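So this one's query38.txt, compact mmCIF, C-alpha atoms and all ligand atoms:
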# COMPACT_ATOMS: atom_id res chain seq x y z
CA MET A 289 0.00 0.00 0.00
CA THR A 290 1.23 3.49 -0.88
CA ILE A 291 0.10 6.51 1.11
CA LEU A 292 0.75 10.18 0.43
CA ILE A 293 0.00 12.73 3.14
CA LYS A 294 -0.07 16.19 1.61
CA ASN A 295 -0.78 19.85 2.35
CA ALA A 296 0.11 19.54 6.04
CA ASN A 297 0.45 22.92 7.74
CA GLU A 298 3.54 21.55 9.45
CA VAL A 299 5.45 18.30 9.21
CA ILE A 300 7.56 17.85 12.33
CA THR A 301 10.28 15.57 10.99
CA LEU A 302 12.80 15.55 13.87
CA LYS A 303 15.35 14.81 11.19
CA SER A 304 18.92 15.53 12.15
CA ALA A 305 22.41 14.90 10.89
CA GLU A 306 23.24 13.74 14.43
CA GLN A 307 23.07 10.09 15.38
CA GLY A 308 22.08 9.11 18.87
CA PRO A 309 19.79 10.69 21.43
CA ARG A 310 19.48 14.47 21.23
CA THR A 311 20.97 16.65 23.94
CA LYS A 312 20.94 20.33 24.93
CA GLU A 313 19.90 22.66 22.08
CA GLN A 314 19.49 19.68 19.71
CA MET A 315 16.39 18.88 21.71
CA ARG A 316 14.81 22.08 20.36
CA GLU A 317 15.67 21.34 16.75
CA ILE A 318 12.55 19.52 15.65
CA ALA A 319 12.96 20.32 11.93
CA VAL A 320 9.58 21.76 10.93
CA LEU A 321 8.62 21.61 7.27
CA GLU A 322 5.76 23.92 6.32
CA ASN A 323 3.22 22.78 3.74
CA GLY A 324 4.94 19.39 3.64
CA SER A 325 4.17 15.92 2.37
CA VAL A 326 5.10 12.40 3.44
CA LEU A 327 5.22 9.47 1.03
CA MET A 328 5.08 5.91 2.39
CA GLU A 329 5.13 2.51 0.76
CA GLY A 330 4.67 -0.81 2.53
CA ASN A 331 5.86 -0.24 6.05
CA SER A 332 8.54 2.35 5.21
CA ILE A 333 8.79 6.06 4.69
CA ILE A 334 9.97 6.79 1.15
CA ALA A 335 10.37 10.56 1.29
CA VAL A 336 9.43 13.70 3.21
CA GLY A 337 9.41 17.09 1.49
CA PRO A 338 7.47 19.62 -0.55
CA ILE A 339 4.93 17.96 -2.87
CA ALA A 340 6.65 19.25 -6.02
CA GLN A 341 9.83 17.47 -5.03
CA LEU A 342 8.09 14.18 -4.26
CA GLU A 343 6.27 14.36 -7.60
CA ALA A 344 9.55 14.93 -9.40
CA ASP A 345 11.45 12.20 -7.54
CA PHE A 346 8.74 9.51 -7.30
CA PRO A 347 6.19 10.22 -10.06
CA LYS A 348 4.79 6.67 -10.24
CA LEU A 349 4.44 6.18 -6.50
CA VAL A 350 2.83 9.59 -6.02
CA LYS A 351 0.33 8.81 -8.77
CA ALA A 352 -0.56 5.41 -7.33
CA ALA A 353 -0.79 6.60 -3.73
CA GLU A 354 -3.88 6.86 -1.60
CA VAL A 355 -3.92 10.56 -0.70
CA ILE A 356 -4.63 11.88 2.77
CA ASP A 357 -5.21 15.61 2.83
CA ALA A 358 -3.71 17.08 6.01
CA SER A 359 -4.68 20.70 5.30
CA GLY A 360 -4.76 22.72 8.48
CA LYS A 361 -3.14 19.91 10.48
CA VAL A 362 0.22 18.85 11.92
CA VAL A 363 2.02 15.64 10.94
CA MET A 364 4.66 14.03 13.13
CA PRO A 365 6.21 10.65 14.02
CA GLY A 366 4.06 8.28 16.11
CA LEU A 367 4.67 8.83 19.83
CA VAL A 368 6.89 6.38 21.69
CA ASP A 369 5.88 5.62 25.29
CA CYS A 370 9.13 4.18 26.61
CA HIS A 371 8.22 3.34 30.24
CA THR A 372 5.01 1.57 31.23
CA HIS A 373 3.87 -1.21 33.54
CA LEU A 374 1.38 -2.20 30.85
CA VAL A 375 0.33 -5.72 31.80
CA HIS A 376 -1.32 -5.92 35.22
CA GLY A 377 -4.43 -7.20 36.95
CA GLY A 378 -7.00 -4.92 38.59
CA THR A 379 -7.04 -1.25 39.54
CA ARG A 380 -6.21 0.62 42.78
CA GLU A 381 -8.58 3.58 43.00
CA GLN A 382 -9.21 2.85 46.71
CA GLU A 383 -5.51 3.53 47.43
CA PHE A 384 -5.77 6.77 45.53
CA ASN A 385 -8.49 7.79 47.93
CA MET A 386 -6.35 6.69 50.90
CA ARG A 387 -3.56 8.93 49.61
CA LEU A 388 -5.99 11.83 49.25
CA ASN A 389 -6.79 11.20 52.91
CA GLY A 390 -3.15 11.46 53.93
CA ALA A 391 -1.51 8.02 53.52
CA THR A 392 1.77 7.88 51.60
CA TYR A 393 2.66 5.61 48.68
CA MET A 394 5.34 3.74 50.67
CA GLU A 395 3.10 3.35 53.74
CA ILE A 396 0.45 1.69 51.60
CA MET A 397 3.04 -0.56 49.97
CA ASN A 398 4.62 -1.56 53.28
CA ALA A 399 1.18 -2.47 54.62
CA GLY A 400 0.76 -4.99 51.82
CA GLY A 401 -1.00 -2.72 49.31
CA GLY A 402 0.62 -0.97 46.37
CA ILE A 403 2.71 -3.21 44.16
CA HIS A 404 1.80 -6.18 46.42
CA ALA A 405 -1.92 -5.65 45.85
CA THR A 406 -1.44 -5.57 42.08
CA THR A 407 0.83 -8.60 42.32
CA ASN A 408 -1.99 -10.58 43.96
CA ARG A 409 -4.47 -9.47 41.32
CA THR A 410 -2.05 -10.25 38.48
CA ARG A 411 -1.34 -13.71 39.88
CA GLU A 412 -5.11 -14.40 40.05
CA THR A 413 -5.93 -13.10 36.58
CA SER A 414 -5.87 -15.63 33.75
CA PHE A 415 -3.72 -15.17 30.65
CA GLY A 416 -6.84 -14.54 28.56
CA ASP A 417 -8.27 -11.93 30.90
CA LEU A 418 -4.92 -10.15 31.16
CA TYR A 419 -4.58 -10.25 27.39
CA ARG A 420 -8.02 -8.72 26.80
CA LYS A 421 -7.57 -6.04 29.49
CA THR A 422 -4.19 -5.05 28.08
CA MET A 423 -5.52 -5.07 24.52
CA ASN A 424 -8.14 -2.51 25.51
CA HIS A 425 -5.43 -0.36 27.10
CA LEU A 426 -3.35 -0.53 23.93
CA ASP A 427 -6.36 0.66 21.93
CA VAL A 428 -6.49 3.76 24.13
CA PHE A 429 -2.75 4.39 23.71
CA LEU A 430 -3.15 4.10 19.94
CA LYS A 431 -6.01 6.59 19.89
CA HIS A 432 -3.69 9.02 21.69
CA GLY A 433 -1.10 8.72 18.94
CA VAL A 434 1.25 6.21 20.58
CA THR A 435 2.66 3.69 18.11
CA THR A 436 5.31 1.99 20.28
CA VAL A 437 5.00 1.15 23.94
CA GLU A 438 7.40 -0.42 26.42
CA ALA A 439 5.94 -3.01 28.82
CA LYS A 440 7.61 -3.98 32.10
CA SER A 441 6.78 -7.13 34.00
CA GLY A 442 7.10 -7.01 37.80
CA TYR A 443 3.63 -7.77 39.09
CA GLY A 444 4.34 -11.47 39.39
CA LEU A 445 7.43 -11.62 41.59
CA ASP A 446 7.28 -15.36 40.96
CA TRP A 447 8.38 -17.00 37.74
CA GLU A 448 4.96 -18.28 36.72
CA THR A 449 3.36 -14.84 36.79
CA GLU A 450 6.36 -12.89 35.47
CA LYS A 451 6.33 -15.30 32.52
CA LYS A 452 2.58 -14.81 32.07
CA GLN A 453 2.99 -11.03 31.92
CA LEU A 454 5.85 -11.24 29.43
CA GLU A 455 3.95 -13.74 27.29
CA VAL A 456 0.89 -11.48 27.23
CA ALA A 457 3.14 -8.65 26.00
CA LYS A 458 4.71 -10.93 23.40
CA GLU A 459 1.31 -12.09 22.13
CA LEU A 460 0.13 -8.49 21.89
CA GLN A 461 3.25 -7.56 19.98
CA ALA A 462 2.14 -10.16 17.45
CA THR A 463 -1.58 -9.28 17.36
CA HIS A 464 -2.00 -5.57 18.15
CA ASP A 465 -1.01 -2.76 15.81
CA ILE A 466 1.12 -1.08 18.47
CA ASP A 467 4.69 -2.32 18.82
CA VAL A 468 5.22 -3.66 22.34
CA VAL A 469 8.81 -3.76 23.65
CA SER A 470 9.36 -5.94 26.73
CA THR A 471 11.37 -5.27 29.86
CA PHE A 472 11.78 -7.85 32.61
CA MET A 473 11.34 -6.32 36.05
CA GLY A 474 11.25 -9.29 38.41
CA ALA A 475 12.93 -7.02 40.97
CA HIS A 476 10.01 -4.60 41.22
CA ALA A 477 9.37 -5.39 44.90
CA VAL A 478 10.44 -7.96 47.47
CA PRO A 479 7.57 -10.47 47.69
CA ARG A 480 5.88 -10.50 51.10
CA ASP A 481 7.03 -14.04 51.87
CA TYR A 482 10.69 -13.00 51.33
CA LYS A 483 10.54 -10.21 53.93
CA GLY A 484 13.82 -10.26 55.85
CA ARG A 485 15.36 -12.55 53.20
CA GLU A 486 15.76 -9.91 50.49
CA ASP A 487 19.10 -11.28 49.27
CA GLU A 488 17.54 -14.69 48.77
CA PHE A 489 14.96 -13.15 46.47
CA VAL A 490 17.73 -11.31 44.59
CA ASP A 491 19.33 -14.72 44.07
CA VAL A 492 16.07 -16.11 42.73
CA VAL A 493 15.87 -13.24 40.23
CA ILE A 494 19.50 -13.73 39.19
CA HIS A 495 19.80 -17.50 39.12
CA ASP A 496 16.29 -18.64 38.36
CA MET A 497 14.32 -15.96 36.51
CA LEU A 498 16.87 -14.02 34.44
CA PRO A 499 18.33 -17.06 32.66
CA LYS A 500 14.81 -18.19 31.68
CA VAL A 501 13.90 -14.72 30.40
CA ALA A 502 17.01 -14.75 28.22
CA GLU A 503 16.55 -18.33 27.05
CA LEU A 504 12.91 -17.82 26.08
CA LYS A 505 13.72 -14.39 24.59
CA LEU A 506 10.93 -12.78 26.59
CA ALA A 507 12.54 -9.36 27.07
CA GLU A 508 15.21 -7.02 25.71
CA PHE A 509 15.70 -4.99 28.88
CA ASN A 510 16.18 -5.68 32.58
CA ASP A 511 14.91 -3.17 35.13
CA VAL A 512 15.03 -2.92 38.94
CA PHE A 513 13.31 -0.69 41.53
CA CYS A 514 16.34 0.74 43.34
CA GLU A 515 14.69 2.45 46.30
CA LYS A 516 15.08 2.64 50.06
CA GLY A 517 13.08 -0.26 51.48
CA VAL A 518 12.95 -2.07 48.14
CA PHE A 519 16.30 -2.97 46.49
CA THR A 520 19.60 -1.41 47.58
CA PRO A 521 22.07 -0.03 45.02
CA GLU A 522 24.27 -3.10 45.66
CA GLN A 523 21.44 -5.55 45.04
CA SER A 524 20.32 -3.53 42.02
CA GLN A 525 23.83 -3.62 40.59
CA ARG A 526 24.04 -7.40 40.98
CA ILE A 527 20.73 -7.84 39.17
CA LEU A 528 21.65 -5.47 36.34
CA GLU A 529 25.12 -7.00 35.84
CA ALA A 530 23.63 -10.50 35.78
CA GLY A 531 21.14 -9.42 33.11
CA LYS A 532 23.90 -7.78 31.10
CA ALA A 533 25.86 -11.03 31.04
CA LEU A 534 22.79 -12.67 29.50
CA GLY A 535 22.36 -9.96 26.85
CA LEU A 536 19.64 -7.93 28.60
CA THR A 537 20.20 -4.17 28.51
CA PRO A 538 19.97 -2.49 31.93
CA LYS A 539 17.36 0.10 32.86
CA ILE A 540 16.76 1.32 36.38
CA HIS A 541 13.97 2.90 38.46
CA ALA A 542 16.22 5.41 40.17
CA ASP A 543 15.85 8.07 42.86
CA GLU A 544 12.05 8.08 42.68
CA ILE A 545 11.08 8.64 46.30
CA GLU A 546 14.32 9.09 48.24
CA PRO A 547 17.79 9.98 46.92
CA TYR A 548 19.64 6.66 46.75
CA LYS A 549 22.45 7.21 44.22
CA GLY A 550 20.40 5.47 41.54
CA ALA A 551 21.44 7.93 38.83
CA GLU A 552 25.08 7.32 39.72
CA LEU A 553 24.53 3.57 39.52
CA ALA A 554 22.85 3.87 36.11
CA ALA A 555 25.90 5.63 34.72
CA GLU A 556 28.25 3.15 36.36
CA VAL A 557 26.60 -0.02 35.02
CA GLY A 558 26.14 1.52 31.56
CA ALA A 559 22.34 1.46 31.74
CA ILE A 560 20.63 2.70 28.57
CA SER A 561 18.36 4.80 30.78
CA ALA A 562 17.64 5.82 34.35
CA GLU A 563 13.97 6.41 34.96
CA HIS A 564 11.97 8.62 37.36
CA LEU A 565 14.89 10.59 38.94
CA LEU A 566 12.55 12.86 40.93
CA VAL A 567 15.20 13.36 43.59
CA ALA A 568 18.39 12.56 41.63
CA SER A 569 21.50 14.29 42.98
CA ASP A 570 23.58 16.90 41.15
CA GLU A 571 26.41 14.41 41.01
CA GLY A 572 24.17 11.70 39.59
CA ILE A 573 22.99 14.06 36.86
CA GLN A 574 26.61 14.93 36.01
CA LYS A 575 27.52 11.26 35.78
CA MET A 576 24.57 10.52 33.53
CA ALA A 577 25.56 13.38 31.22
CA GLU A 578 29.10 12.03 31.00
CA ALA A 579 27.94 8.45 30.36
CA GLY A 580 25.19 9.47 27.91
CA THR A 581 22.54 7.72 30.03
CA ILE A 582 19.05 8.73 28.91
CA ALA A 583 16.83 10.22 31.62
CA VAL A 584 13.33 8.85 31.22
CA LEU A 585 11.21 11.34 33.15
CA LEU A 586 7.67 10.54 34.25
CA PRO A 587 5.94 13.72 35.38
CA GLY A 588 2.60 11.90 35.68
CA THR A 589 3.99 10.06 38.68
CA ALA A 590 5.03 13.26 40.47
CA PHE A 591 1.61 14.73 39.64
CA PHE A 592 -0.36 11.72 40.85
CA LEU A 593 1.76 11.10 43.98
CA ARG A 594 1.99 14.84 44.65
CA ALA A 595 5.76 14.49 44.80
CA PRO A 596 8.42 16.95 43.57
CA PHE A 597 8.93 16.90 39.81
CA ALA A 598 12.22 15.71 38.35
CA ARG A 599 14.61 18.51 37.42
CA GLY A 600 14.12 18.14 33.69
CA ARG A 601 15.30 21.65 32.83
CA LEU A 602 18.57 21.18 34.71
CA MET A 603 19.16 17.74 33.22
CA ILE A 604 18.79 19.07 29.66
CA ASP A 605 21.02 22.07 30.41
CA GLU A 606 23.66 19.74 31.88
CA GLY A 607 23.65 17.63 28.70
CA VAL A 608 21.57 14.62 29.74
CA PRO A 609 19.38 13.31 26.88
CA VAL A 610 15.81 13.41 28.18
CA ALA A 611 12.82 11.27 27.20
CA ILE A 612 9.39 11.45 28.81
CA SER A 613 6.78 8.79 29.28
CA THR A 614 3.52 7.96 31.07
CA ASP A 615 4.79 5.30 33.53
CA PHE A 616 1.29 3.87 33.01
CA ASN A 617 0.59 1.64 36.04
CA PRO A 618 -2.31 1.10 38.45
CA GLY A 619 -0.68 2.83 41.44
CA SER A 620 1.35 5.91 40.68
CA SER A 621 0.26 6.87 37.16
CA PRO A 622 -2.95 5.36 35.82
CA THR A 623 -3.04 7.36 32.58
CA MET A 624 -2.74 6.25 28.97
CA SER A 625 -2.44 9.83 27.71
CA LEU A 626 1.10 10.70 26.71
CA PRO A 627 -0.13 14.11 25.41
CA PHE A 628 -1.22 14.99 28.97
CA ILE A 629 2.20 13.94 30.29
CA MET A 630 3.84 16.19 27.67
CA ASN A 631 1.83 19.06 29.07
CA LEU A 632 2.99 18.31 32.62
CA ALA A 633 6.60 18.30 31.39
CA CYS A 634 6.09 21.82 30.04
CA MET A 635 4.25 23.13 33.06
CA HIS A 636 6.24 21.49 35.87
CA MET A 637 9.67 20.52 34.57
CA GLY A 638 10.47 23.66 32.61
CA MET A 639 10.67 21.91 29.27
CA THR A 640 9.81 23.73 26.04
CA LEU A 641 7.25 22.72 23.44
CA GLU A 642 10.03 21.53 21.14
CA GLU A 643 11.84 19.58 23.86
CA VAL A 644 8.76 17.57 24.79
CA LEU A 645 8.31 16.56 21.16
CA THR A 646 11.90 15.32 21.00
CA ALA A 647 11.46 13.60 24.37
CA THR A 648 8.44 11.57 23.22
CA THR A 649 9.73 10.63 19.78
CA ILE A 650 13.39 10.24 18.88
CA ASN A 651 14.83 10.26 22.43
CA ALA A 652 12.17 7.81 23.63
CA ALA A 653 12.99 5.63 20.62
CA TYR A 654 16.67 5.66 21.65
CA ALA A 655 15.67 4.70 25.21
CA LEU A 656 14.24 1.54 23.62
CA ASN A 657 17.28 1.03 21.41
CA ARG A 658 15.18 1.82 18.32
CA GLY A 659 16.45 5.27 17.36
CA HIS A 660 17.57 3.96 13.96
CA GLN A 661 14.08 2.64 13.17
CA ILE A 662 11.43 4.97 14.64
CA GLY A 663 11.09 8.41 16.26
CA SER A 664 11.57 10.67 13.23
CA LEU A 665 10.14 11.06 9.74
CA GLU A 666 12.98 10.15 7.41
CA ALA A 667 13.35 8.00 4.33
CA GLY A 668 13.89 4.38 5.30
CA LYS A 669 12.30 4.60 8.72
CA GLN A 670 9.21 2.69 9.79
CA ALA A 671 6.00 4.36 8.56
CA ASP A 672 4.61 5.28 12.00
CA VAL A 673 3.01 8.67 11.41
CA ILE A 674 0.30 10.65 13.19
CA ILE A 675 -1.85 13.55 12.00
CA LEU A 676 -3.00 15.98 14.67
CA ASP A 677 -5.99 18.27 14.56
CA VAL A 678 -4.09 21.45 15.41
CA ALA A 679 -2.86 24.25 13.16
CA ASN A 680 0.70 24.20 14.47
CA TYR A 681 2.73 22.24 17.00
CA LYS A 682 2.57 25.01 19.58
CA GLN A 683 -1.19 24.45 19.88
CA LEU A 684 -0.58 20.87 21.00
CA GLN A 685 0.18 21.94 24.56
CA TYR A 686 -1.71 25.24 24.39
CA PHE A 687 -5.02 23.42 23.97
CA TYR A 688 -4.19 21.25 26.94
CA GLY A 689 -5.85 18.17 28.37
CA MET A 690 -7.27 17.14 25.01
CA ASN A 691 -6.54 14.40 22.54
CA HIS A 692 -5.71 16.01 19.19
CA THR A 693 -5.00 12.73 17.39
CA ASN A 694 -6.95 12.61 14.15
CA THR A 695 -5.16 9.89 12.17
CA VAL A 696 -2.64 7.20 13.07
CA ILE A 697 -0.68 5.36 10.41
CA LYS A 698 1.11 2.35 11.88
CA ASN A 699 3.57 0.41 9.79
CA GLY A 700 2.15 2.03 6.66
CA ARG A 701 -1.54 1.26 7.45
CA VAL A 702 -4.22 3.68 8.60
CA VAL A 703 -5.39 2.33 11.97
CA VAL A 704 -7.08 5.44 13.43
CA GLN A 705 -9.14 7.77 11.24
CA ASP A 706 -11.00 10.86 12.47
CA GLY A 707 -10.09 9.72 15.99
CA ILE A 708 -11.79 6.36 15.55
CA LEU A 709 -10.02 3.02 15.78
CA LEU A 710 -10.47 1.18 12.49
CA THR A 711 -9.38 -2.29 13.42
CA ASN A 712 -10.80 -4.47 16.11
CA GLN A 713 -7.92 -6.76 16.97
CA LEU A 714 -9.70 -8.73 19.68
CA VAL A 715 -9.02 -12.40 19.08
CA ASN A 716 -10.91 -14.75 21.36
O1 LIG A 801 7.18 3.28 38.32
N1 LIG A 801 8.19 2.64 41.31
C1 LIG A 801 7.85 1.53 41.06
N2 LIG A 801 6.94 1.14 40.20
C2 LIG A 801 5.89 1.92 39.63
C3 LIG A 801 4.69 1.93 40.47
C4 LIG A 801 4.08 0.61 40.56
C5 LIG A 801 2.81 0.56 41.33
O2 LIG A 801 2.54 1.39 42.21
O3 LIG A 801 2.06 -0.37 41.04
C6 LIG A 801 6.38 3.28 39.21
O4 LIG A 801 5.95 4.31 39.72
FE FE A 802 7.74 2.79 36.57
Could you render the structure from this file as structure tokens?
Amino acid sequence: MTILIKNANEVITLKSAEQGPRTKEQMREIAVLENGSVLMEGNSIIAVGPIAQLEADFPKLVKAAEVIDASGKVVMPGLVDCHTHLVHGGTREQEFNMRLNGATYMEIMNAGGGIHATTNRTRETSFGDLYRKTMNHLDVFLKHGVTTVEAKSGYGLDWETEKKQLEVAKELQATHDIDVVSTFMGAHAVPRDYKGREDEFVDVVIHDMLPKVAELKLAEFNDVFCEKGVFTPEQSQRILEAGKALGLTPKIHADEIEPYKGAELAAEVGAISAEHLLVASDEGIQKMAEAGTIAVLLPGTAFFLRAPFARGRLMIDEGVPVAISTDFNPGSSPTMSLPFIMNLACMHMGMTLEEVLTATTINAAYALNRGHQIGSLEAGKQADVIILDVANYKQLQYFYGMNHTNTVIKNGRVVVQDGILLTNQLVN
């Protein structure tokens, strides 16, 4: 199938001569093409440019193409949501109410709620029910313009359930239009029955779970919740190094609630990204800049936990490549709207309109090791393109709290049109 998008008010290409995640002022260089067109064939982008140039360079393809008129609209790469806890059982609205009444996130978790509550629900939920629940969530992500989503396990904390979560993600990668990228996070919490025997559980993760994840090819990344009262930096390091030896790229939940030298650890173990970083130290930020570690910032979590926001502005100014993401999960960020998260990044982390676009496209793609494939509109890249019902990209955050997604083209196929999902992927 050949598709030509033409007459777009603006095409945000994010094209750059630079390779690798964008830093500092590069994060503002989003490469806007006015009155632009995008030509796609099969699942690839063929060319981006003024229509006259595409007609001259690819006359046959342009003639044969199905034309989408994007007059008055903005075209950009599909959004990449690079940090979610996608597959989980149940919801936790009652804990939200407890927090509104004064309880803290860690108090609830230590009393057996929080991650433990979702772990129980995920263990109880059948593969089929988890699959259908997650499928519905992916539909919502897609309608918000997200074409690639990361999915962490970590609500099993036993092999059987961790495997179930990862297999649900793998099945959805095969059946749903969205690309699902898996991260193993067996070390998301210490299971209740390992209380006081934390190192034993770390050994289970290292010697029992990780080798199976690698052998069954169930994940590309390995993540750990490095947090006071959860896993220490030493335990986190052991888990990340063990994953590395098996070919799993390290990620880390770092400095979310209390400063714990998680950013420093991320740089030291060569993690592709450190995530959260609400209370990361100056030194940790420096080390990440030097190592090129991507900061995956999740302002929805600060918003929903009423915690301090990560110092996004400072991180960018210090040279850390920044990506932003929803952290979609049932406890600290139950939203599937990356556009809302982009708004929070502008309002509460001092990021500019251009920086949030870079942070949810090309930098997020690099955080998933896919910067060569997605995240910008360039010849040869995957045809993941969205058309937004705004006159220019500045209106995206100006008209806040709304979903502007009009059309989503995933892998060269129109899957959302006029805001409506075209395909019903539910397979019983
Ligand atoms: O990224 N911090 C750890 N994990 C999640 C929250 C998980 C939950 O509360 O269920 C997070 O915020
Ligand atoms: Fe998270």
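A straight line drawn from CA of Pro538 in chain A to CA of His371 in chain A is 13.2 Å long.
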Checklist line | Exercise: residues within 12 Å of coordinate (12.6, 19.4, 11.8), counting all atoms listed in the file, as number ranges by chain | finding: A: 298-305, 314-322, 324, 336-337, 363-365, 642, 645-646, 650, 663-666, 681
Note to self: As a quick test: using only C-alpha atoms and all ligand atoms, which residues lie no more than 8 Å away from ligand FE 802 (chain A)? Give them as JSON, numbers by chain.
What the structure shows: {"A": [371, 372, 373, 541, 563, 564, 615, 616, 617]}
Sorted by chain and rising residue number, which residues of chain A lie within 9 Å of ligand LIG 801 (chain A), and what are their closest atom pairs and distances in Å to one decimal, counting all atoms listed in the file, as CSV?
residue,atom,partner,partner_atom,distance
A:His371,CA,A:LIG801,O1,8.1
A:Thr372,CA,A:LIG801,O1,7.6
A:His373,CA,A:LIG801,C2,7.1
A:His376,CA,A:LIG801,O3,8.7
A:Arg380,CA,A:LIG801,O3,8.5
A:Tyr393,CA,A:LIG801,O2,7.7
A:Met397,CA,A:LIG801,O2,8.0
A:Gly401,CA,A:LIG801,O2,8.9
A:Gly402,CA,A:LIG801,O2,5.2
A:Ile403,CA,A:LIG801,O3,4.3
A:His404,CA,A:LIG801,O3,7.9
A:Ala405,CA,A:LIG801,O3,8.2
A:Thr406,CA,A:LIG801,O3,6.4
A:Thr407,CA,A:LIG801,O3,8.4
A:Gly442,CA,A:LIG801,N2,8.5
A:Tyr443,CA,A:LIG801,O3,7.8
A:His476,CA,A:LIG801,C1,6.5
A:Ala477,CA,A:LIG801,C1,8.1
A:Val512,CA,A:LIG801,C1,8.7
A:Phe513,CA,A:LIG801,C1,5.9
A:Cys514,CA,A:LIG801,N1,8.6
A:Glu515,CA,A:LIG801,N1,8.2
A:His541,CA,A:LIG801,N1,6.4
A:Ala542,CA,A:LIG801,N1,8.6
A:Glu544,CA,A:LIG801,N1,6.8
A:Ile545,CA,A:LIG801,N1,8.3
A:Glu563,CA,A:LIG801,O1,8.2
A:His564,CA,A:LIG801,O1,7.2
A:Leu586,CA,A:LIG801,O1,8.3
A:Thr589,CA,A:LIG801,O4,6.2
A:Asp615,CA,A:LIG801,O1,5.7
A:Phe616,CA,A:LIG801,O1,8.0
A:Asn617,CA,A:LIG801,O3,5.6
A:Pro618,CA,A:LIG801,O3,5.3
A:Gly619,CA,A:LIG801,O2,3.6
A:Ser620,CA,A:LIG801,O2,4.9
A:Ser621,CA,A:LIG801,O4,6.7
Notebook entry, point to check: Got a sec to check which residues sit within 12 Å of (21.9, -7.4, 31.7), counting only C-alpha atoms, and write them as a ChimeraX atom specification?
Noted result: /A:471-473,493-494,498-499,501-502,507-512,524-540,557-560
Put those residues in a file: C-alpha atoms, as a PDB file, in the coordinates of the input.
ATOM      1  CA  THR A 471      11.370  -5.270  29.860  1.00  0.00           C
ATOM      2  CA  PHE A 472      11.780  -7.850  32.610  1.00  0.00           C
ATOM      3  CA  MET A 473      11.340  -6.320  36.050  1.00  0.00           C
ATOM      4  CA  VAL A 493      15.870 -13.240  40.230  1.00  0.00           C
ATOM      5  CA  ILE A 494      19.500 -13.730  39.190  1.00  0.00           C
ATOM      6  CA  LEU A 498      16.870 -14.020  34.440  1.00  0.00           C
ATOM      7  CA  PRO A 499      18.330 -17.060  32.660  1.00  0.00           C
ATOM      8  CA  VAL A 501      13.900 -14.720  30.400  1.00  0.00           C
ATOM      9  CA  ALA A 502      17.010 -14.750  28.220  1.00  0.00           C
ATOM     10  CA  ALA A 507      12.540  -9.360  27.070  1.00  0.00           C
ATOM     11  CA  GLU A 508      15.210  -7.020  25.710  1.00  0.00           C
ATOM     12  CA  PHE A 509      15.700  -4.990  28.880  1.00  0.00           C
ATOM     13  CA  ASN A 510      16.180  -5.680  32.580  1.00  0.00           C
ATOM     14  CA  ASP A 511      14.910  -3.170  35.130  1.00  0.00           C
ATOM     15  CA  VAL A 512      15.030  -2.920  38.940  1.00  0.00           C
ATOM     16  CA  SER A 524      20.320  -3.530  42.020  1.00  0.00           C
ATOM     17  CA  GLN A 525      23.830  -3.620  40.590  1.00  0.00           C
ATOM     18  CA  ARG A 526      24.040  -7.400  40.980  1.00  0.00           C
ATOM     19  CA  ILE A 527      20.730  -7.840  39.170  1.00  0.00           C
ATOM     20  CA  LEU A 528      21.650  -5.470  36.340  1.00  0.00           C
ATOM     21  CA  GLU A 529      25.120  -7.000  35.840  1.00  0.00           C
ATOM     22  CA  ALA A 530      23.630 -10.500  35.780  1.00  0.00           C
ATOM     23  CA  GLY A 531      21.140  -9.420  33.110  1.00  0.00           C
ATOM     24  CA  LYS A 532      23.900  -7.780  31.100  1.00  0.00           C
ATOM     25  CA  ALA A 533      25.860 -11.030  31.040  1.00  0.00           C
ATOM     26  CA  LEU A 534      22.790 -12.670  29.500  1.00  0.00           C
ATOM     27  CA  GLY A 535      22.360  -9.960  26.850  1.00  0.00           C
ATOM     28  CA  LEU A 536      19.640  -7.930  28.600  1.00  0.00           C
ATOM     29  CA  THR A 537      20.200  -4.170  28.510  1.00  0.00           C
ATOM     30  CA  PRO A 538      19.970  -2.490  31.930  1.00  0.00           C
ATOM     31  CA  LYS A 539      17.360   0.100  32.860  1.00  0.00           C
ATOM     32  CA  ILE A 540      16.760   1.320  36.380  1.00  0.00           C
ATOM     33  CA  VAL A 557      26.600  -0.020  35.020  1.00  0.00           C
ATOM     34  CA  GLY A 558      26.140   1.520  31.560  1.00  0.00           C
ATOM     35  CA  ALA A 559      22.340   1.460  31.740  1.00  0.00           C
ATOM     36  CA  ILE A 560      20.630   2.700  28.570  1.00  0.00           C
TER      37      ILE A 560
END
